[in-house]
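**Q** I'd like to ask you about the structure that follows.
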Amino acid sequence: MEKKCEVCSESVTNPICGECLSSAVRSWLRGRYSWLIPEVSAMNNNASAKGPYAECVICGSRIDLCSGCYYEEVQKLLYRADPNIAHEFSSFFNFEMQNLKLEKEVSKVVVV
Ligand SMILES: [Zn+2]
Ligand SMILES: [Zn+2]
């Protein structure tokens, strides 16, 4: 059965699990922003354990989020730590974010 992302409901194509994406993110953080590695490691990569799921093409783990949503989560985390790191992250991973939307969302989180 086709797997839809738990967050955005897009089909999960070229599935890579949070753990494998996380290790890519961690190797990018290593050196420059090593202090953020534990934060990224602590992220909850598994959305839920029900319904159909895709298997990671790298390690075979189950996947509930598409990589776009996973990166978005990482970027929010980095943005809260330092907006400059989040911008650097998105250009490095060539991942387009609507930064205005993100800024709005993050400031909402901060206010609450
Ligand atoms: Zn998604
Ligand atoms: Zn994996």
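For the structure tokens, the naming scheme is as follows: chains receive sequential letters (A, B, ...) according to their order of presentation, residues are indexed from 1 within each chain, and ligands are indexed from 1 in presentation order.
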What are the closest atom pairs, with distances in Å to one decimal, for all residues of chain A lying within 10 Å of ligand 2? Consider only C-alpha atoms and all ligand atoms, order rows by chain and residue number, and present the result as CSV.
**A**
residue,atom,partner,partner_atom_place_in_ligand_line,distance
A:Pro15,CA,ligand 2,1 (Zn),8.3
A:Ile16,CA,ligand 2,1 (Zn),5.4
A:Cys17,CA,ligand 2,1 (Zn),4.2
A:Gly18,CA,ligand 2,1 (Zn),6.7
A:Glu19,CA,ligand 2,1 (Zn),5.5
A:Cys20,CA,ligand 2,1 (Zn),4.3
A:Leu21,CA,ligand 2,1 (Zn),7.4
A:Ser22,CA,ligand 2,1 (Zn),9.2
A:Ser23,CA,ligand 2,1 (Zn),9.4
A:Glu55,CA,ligand 2,1 (Zn),7.8
A:Cys56,CA,ligand 2,1 (Zn),4.7
A:Val57,CA,ligand 2,1 (Zn),6.6
A:Ile58,CA,ligand 2,1 (Zn),4.9
A:Cys59,CA,ligand 2,1 (Zn),4.1
A:Gly60,CA,ligand 2,1 (Zn),5.8
A:Ser61,CA,ligand 2,1 (Zn),5.3
A:Arg62,CA,ligand 2,1 (Zn),7.9
A:Ile63,CA,ligand 2,1 (Zn),8.2
**Q** Would you mind listing the residues within 6 Å of ligand 1, counting only C-alpha atoms and all ligand atoms, as a ChimeraX atom specification?
**A** /A:5,7-8,10,65-66,68-69
**Q** Suppose you want the space between CA of Ser34 (chain A) and CA of Glu73 (chain A); what is it in Å?
**A**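 Atom-to-atom, CA of Ser34 (chain A) to CA of Glu73 (chain A), that is 18.1 Å.
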**Q** With only C-alpha atoms as the atoms that count, which of A:Met43, A:Pro38, A:Phe92, A:Ala86 lies nearest to Tyr70 (chain A)?
**A**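 Answer, going by the shortest atom-to-atom distance: A:Met43.
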**Q** Mind checking which residues fall within 9 Å of His87 (chain A), counting only C-alpha atoms, ignoring those fewer than 4 positions away in the same chain, and posting them as a PyMOL selection string?
**A** chain A and resi 75+78-79+83+91-92+99
**Q** Could you go through region 2-106 of chain A and tell me which residues DSSP, when run on the backbone, assigns to strand (DSSP E), listing them as a ChimeraX atom specification?
**A** /A:54-55,62-63
**Q** Since we have the selection now, will you write its residues out, keeping N, CA and C atoms, as a PDB file, in the first residue's frame?
**A**
ATOM      1  N   ALA A  54       6.231   3.018   5.030  1.00  0.00           N
ATOM      2  CA  ALA A  54       7.265   2.800   4.032  1.00  0.00           C
ATOM      3  C   ALA A  54       8.516   2.308   4.742  1.00  0.00           C
ATOM      4  N   GLU A  55       9.382   1.658   3.999  1.00  0.00           N
ATOM      5  CA  GLU A  55      10.651   1.222   4.586  1.00  0.00           C
ATOM      6  C   GLU A  55      11.781   2.064   4.043  1.00  0.00           C
ATOM      7  N   ARG A  62      10.965   1.522   9.633  1.00  0.00           N
ATOM      8  CA  ARG A  62       9.692   2.076   9.196  1.00  0.00           C
ATOM      9  C   ARG A  62       9.733   3.605   9.185  1.00  0.00           C
ATOM     10  N   ILE A  63       8.934   4.179   8.309  1.00  0.00           N
ATOM     11  CA  ILE A  63       8.940   5.624   8.125  1.00  0.00           C
ATOM     12  C   ILE A  63       7.517   6.154   8.186  1.00  0.00           C
TER      13      ILE A  63
END
**Q** Calculated over only C-alpha atoms, which of the candidates A:Ala42, A:Ala81, A:Val12, A:Leu29 has the smallest distance to Ser67 (chain A)?
**A**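 Nearest to Ser67 (chain A): A:Val12.
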**Q** Would you compute the distance between CA of Lys3 (chain A) and CA of Phe89 (chain A)? Give it in Å to one decimal.
**A** 27.1 Å
